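**Q** Take this structure first; my questions come after.
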Amino acid sequence: MPHLFISAAHKSSGKTTVTLGLCRALKNRGLSVQAFKKGPDYIDPIWHGLAAGRPSYNLDFHMMREAEIAALFERHALAAQISLIEGNKGLYDGMDVEGSNSNAALAKKLNAPVVLVLDTQGMTRGVAPLVLGYQAFDPAVKIAGVILNKVGGPRHEAKLRAVLERYTDVAVIGAVRMAPELGIVERHLGLMPGNEAEEAEARIEAIATRVGAQVDLDALLRLAATAPAPQQVRRGSIADAVSEPGTPLTLAYLHDRAFGFYYQEDLDTLRDTGVRLLAVDTLHDAQLPLCDGLLLGGGFPEMFAADLAANIALRADIRRALCQGLPAYAECGGLMYLTRSLRWADGRMAPQPMVGVLAADTVMGDCPVGRGYALLRETESAPWPAQADSIPAHEFHYSHLENLPTDPTYAYRVERGHGIADGHDGWVQDALIASYCHRRGSGEQGWIAPFLQRVRQYRSQRDAARLAA
C-alpha cells in the first residue's frame, strides 16, 4: 500500500495545487491514484476526485473514531497503486496543545511518510532551520522529502537546494515555480468547487503538466513504497446494520453547480444499503423524481440565487412534497434553500425567493457566522432516537437567518459552535430536519441509520394509504 502524506509548514503553502498536480500526473502515467483529505472539507475532495479520476475520502479525528479512519483508509488504499493524503493547515497544527488530532498524528496513525510542500517566497537560507525544526519536533514523524513551492526561478531554486543539501538530510524531490496557470479561483469558503468550475479539467491538466515536469515522480514513488502497511483495523460497515430486505429505498439528492457538499463515504454507505440515489439539478429540473426521501446538501446557493429563484416549478414541487410529509435532511446550503428568501446584507442583490418551507429569511454577510468544529446534543424534540450524548459536527457559513418564528422546534442543542440561533440547530418541521451544522452520515453516530428508518416508516405508511384508497 504505497502512500504519502502531503503536508506543509503552514496554511496556504500550495499543497492542494501540488496534490492535484501529483494526482493527475501519476494518473497520466497509468497508475491508479487514491486521494484522501484530512479534515471535514468538502471542496478539496471534489478537486481530488477530478484529478485522480476516482472519489476522494475525508479522514477526520473529530468526525470519526480512529478505528473508522484506519478502516476507511485501508479499504480504499488497497484498491489503488498509490495513495496521497493531503493535510490541512500545517503539519503540527491541531485543536489541542498535544497535537492529538494534528496532521502529524494522522501521518503516524497511517504509517505515512511525509512530504512537506514549502512556500519558499522570500526564503533562501532560512529553509534549513525550518526543515530541521520540523524534523526535531517529533522524531516519530518521518519527513521523507520536500517539494519547494512558489520558487522564483533557477537561481532561487539552486540556492534552496544547496542550503538543504548542506544542512539537512531531507531529499528535495521537486521545485515548482510560480506560474499563473497554477492558481485556482478562491471565494469566501475556500477554493471554488470543481463541480462549479467549467474549466476545471483544463486547469487540472495544466497544473499536472507543470508539477509533473518539476517534481521527480520516480523519487516520489520510491518514497511512497517505503511506507509500511497502516494498522489494520476492520469494522463492519454501518450499511450492514441498516440494510433491510425488500424493495430498495429511493432518495433524491440535490447535486449540481449550486449544491454538491456530500461526503463520498456517505454516498457509498447509502448505496451499500441498497439505496437508489437520484440526482436533482436545482437549476434545470422542473420537478422531483419519484422518491421516498430527499437530501439537500451544502453548497453555494448564494452564488446562484437568481437561477434558483427562476426555477419556480421545482421550488413549488419541493415545497409541496415536504408539506405532504416527505422525509428530508438538509445541511447549510440546503437549509438556506428551504427558507423564504435569500439576500446579501450589503444589498448587492435583491432578495430572491427560495422554497419557502421554513418561515425565515437567509442573509449573507462578509464574515463567518459559524466556523469550525461543533458538538451537538439531541433535544427532547429530536425526531430521531438519541445516538450519543454528544454528536460531532462542523460548520462554516457566512449567512444567518432572520425573521424566525418565536418558537421553532429544534433537534439539537449546540454545545460548541453557533448553529441557527439561541444555541440551537436542526430546525424540525414535519419530517424535515434542516441545520447549519454538517454531520457525518456513516458510523454509529451518523445520520444515515435513523434517517433511513424514518424513510422506511414514511414509505410504509404512504403505500398503505394508497392501497386503502
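By convention in this document, the chains of the C-alpha cells carry letters A, B, ... by their order, each chain's residues are numbered from 1, and ligands are numbered from 1 in the order they are shown.
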Can you pull out every residue within 9 Å of Arg343 (chain A), counting only C-alpha atoms, but drop anything in the same chain fewer than 4 positions away, and send it as number ranges by chain?
**A** A: 302, 305, 347-352, 361-364
**Q** Restricted to N, CA and C atoms, what would the selected residues look like written as a PDB file, in the first residue's frame?
**A**
```
ATOM      1  N   GLU A 302     -25.966  30.983  -2.619  1.00  0.00           N
ATOM      2  CA  GLU A 302     -25.885  32.432  -2.765  1.00  0.00           C
ATOM      3  C   GLU A 302     -25.285  32.850  -4.099  1.00  0.00           C
ATOM      4  N   ALA A 305     -28.336  32.331  -6.669  1.00  0.00           N
ATOM      5  CA  ALA A 305     -29.647  32.642  -6.095  1.00  0.00           C
ATOM      6  C   ALA A 305     -30.674  33.010  -7.165  1.00  0.00           C
ATOM      7  N   GLY A 347     -26.821  44.555   0.212  1.00  0.00           N
ATOM      8  CA  GLY A 347     -27.748  44.982  -0.824  1.00  0.00           C
ATOM      9  C   GLY A 347     -27.280  44.758  -2.235  1.00  0.00           C
ATOM     10  N   ARG A 348     -26.222  43.965  -2.434  1.00  0.00           N
ATOM     11  CA  ARG A 348     -25.709  43.755  -3.798  1.00  0.00           C
ATOM     12  C   ARG A 348     -26.707  42.998  -4.669  1.00  0.00           C
ATOM     13  N   MET A 349     -27.699  42.394  -4.038  1.00  0.00           N
ATOM     14  CA  MET A 349     -28.682  41.614  -4.773  1.00  0.00           C
ATOM     15  C   MET A 349     -30.032  41.756  -4.095  1.00  0.00           C
ATOM     16  N   ALA A 350     -31.073  41.936  -4.880  1.00  0.00           N
ATOM     17  CA  ALA A 350     -32.415  41.982  -4.310  1.00  0.00           C
ATOM     18  C   ALA A 350     -32.753  40.626  -3.704  1.00  0.00           C
ATOM     19  N   PRO A 351     -33.588  40.569  -2.669  1.00  0.00           N
ATOM     20  CA  PRO A 351     -33.974  39.277  -2.079  1.00  0.00           C
ATOM     21  C   PRO A 351     -34.558  38.347  -3.141  1.00  0.00           C
ATOM     22  N   GLN A 352     -34.059  37.129  -3.176  1.00  0.00           N
ATOM     23  CA  GLN A 352     -34.517  36.140  -4.145  1.00  0.00           C
ATOM     24  C   GLN A 352     -35.390  35.097  -3.443  1.00  0.00           C
ATOM     25  N   ASP A 361     -35.790  34.068   6.719  1.00  0.00           N
ATOM     26  CA  ASP A 361     -35.108  34.630   5.554  1.00  0.00           C
ATOM     27  C   ASP A 361     -33.598  34.525   5.770  1.00  0.00           C
ATOM     28  N   THR A 362     -32.881  34.154   4.713  1.00  0.00           N
ATOM     29  CA  THR A 362     -31.429  33.989   4.787  1.00  0.00           C
ATOM     30  C   THR A 362     -30.741  35.273   4.365  1.00  0.00           C
ATOM     31  N   VAL A 363     -29.757  35.695   5.170  1.00  0.00           N
ATOM     32  CA  VAL A 363     -28.994  36.909   4.879  1.00  0.00           C
ATOM     33  C   VAL A 363     -27.510  36.559   4.845  1.00  0.00           C
ATOM     34  N   MET A 364     -26.867  36.834   3.715  1.00  0.00           N
ATOM     35  CA  MET A 364     -25.439  36.577   3.545  1.00  0.00           C
ATOM     36  C   MET A 364     -24.628  37.776   4.011  1.00  0.00           C
TER      37      MET A 364
END
```
**Q** Looking only at the backbone, which of the residues in region 31-65 of chain A does DSSP tag as helix (DSSP H, G or I), as a PyMOL selection string?
**A** chain A and resi 43-52
**Q** List the neighbours of Gly30 (chain A) out to 12 Å using only C-alpha atoms; skip same-chain residues closer than 4 positions along the sequence, and give me the result as a tab-separated table (two decimals) with C-alpha atoms, in the first residue's frame.
**A**
```tsv
chain	number	residue	atom	x	y	z
A	23	CYS	CA	-2.73	13.02	-8.67
A	24	ARG	CA	-3.20	13.81	-12.34
A	25	ALA	CA	0.48	13.41	-13.31
A	26	LEU	CA	0.58	9.94	-11.72
A	52	ALA	CA	-7.37	11.30	-9.81
A	53	GLY	CA	-10.40	10.03	-11.70
A	80	ALA	CA	-5.04	1.72	-5.66
A	81	GLN	CA	-1.39	1.64	-6.65
A	82	ILE	CA	-0.55	4.78	-4.69
```
**Q** So which residues touch Ala144 (chain A) within 8 Å, counting only C-alpha atoms, skipping near sequence neighbours fewer than 4 positions away, as a PyMOL selection string?
**A** chain A and resi 113-115+170-171+223
**Q** Check the smallest atom-to-atom distance from each of A:Thr124, A:Gln34, A:Thr247, A:Asn149 to Arg456 (chain A) using only C-alpha atoms, then report the winner.
**A**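 Of A:Thr124, A:Gln34, A:Thr247, A:Asn149, the one nearest Arg456 (chain A), counting only C-alpha atoms, is A:Thr247.
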**Q** Applying 6 Å and only C-alpha atoms, which residues near region 83-97 of chain A remain after dropping the ones on its own chain fewer than 2 positions away? List them as an NGL selection string.
**A** :A and (3-11 or 33-38 or 77 or 99 or 101-104)
**Q** Save out the residues we just selected, C-alpha atoms, as a PDB file, in the first residue's frame.
**A**
```pdb
ATOM      1  CA  HIS A   3       1.214   6.067   0.341  1.00  0.00           C
ATOM      2  CA  LEU A   4       2.428   9.550   1.267  1.00  0.00           C
ATOM      3  CA  PHE A   5       1.147  12.369   3.430  1.00  0.00           C
ATOM      4  CA  ILE A   6       1.332  15.750   1.661  1.00  0.00           C
ATOM      5  CA  SER A   7       1.641  18.481   4.284  1.00  0.00           C
ATOM      6  CA  ALA A   8       3.161  21.925   4.776  1.00  0.00           C
ATOM      7  CA  ALA A   9       4.606  24.269   7.365  1.00  0.00           C
ATOM      8  CA  HIS A  10       1.511  26.454   7.321  1.00  0.00           C
ATOM      9  CA  LYS A  11      -1.784  27.054   5.584  1.00  0.00           C
ATOM     10  CA  VAL A  33      -4.283   7.025  -7.576  1.00  0.00           C
ATOM     11  CA  GLN A  34      -6.383   7.278  -4.419  1.00  0.00           C
ATOM     12  CA  ALA A  35      -6.643  10.675  -2.734  1.00  0.00           C
ATOM     13  CA  PHE A  36      -7.670  11.437   0.839  1.00  0.00           C
ATOM     14  CA  LYS A  37      -8.207  14.731   2.672  1.00  0.00           C
ATOM     15  CA  LYS A  38      -7.620  15.303   6.353  1.00  0.00           C
ATOM     16  CA  ALA A  77      -5.824   2.407  -0.369  1.00  0.00           C
ATOM     17  CA  GLY A  99      -1.409  17.647  18.764  1.00  0.00           C
ATOM     18  CA  ASN A 101      -5.670  15.448  16.112  1.00  0.00           C
ATOM     19  CA  SER A 102      -2.932  17.107  14.074  1.00  0.00           C
ATOM     20  CA  ASN A 103      -1.736  16.176  10.616  1.00  0.00           C
ATOM     21  CA  ALA A 104       1.332  14.647  12.236  1.00  0.00           C
TER      22      ALA A 104
END
```
**Q** Quick check, in Å to one decimal: how far apart do CA of Ala175 (chain A) and CA of Lys150 (chain A) lie?
**A**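 CA of Lys150 (chain A) lies at a distance of 8.0 Å from CA of Ala175 (chain A).
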**Q** Using DSSP secondary structure from the backbone, list all strand (DSSP E or B) positions within region 55-214 of chain A, as number ranges by chain.
**A** A: 57-59, 82-86, 114-119, 143-151, 171-177, 186-187, 190-191
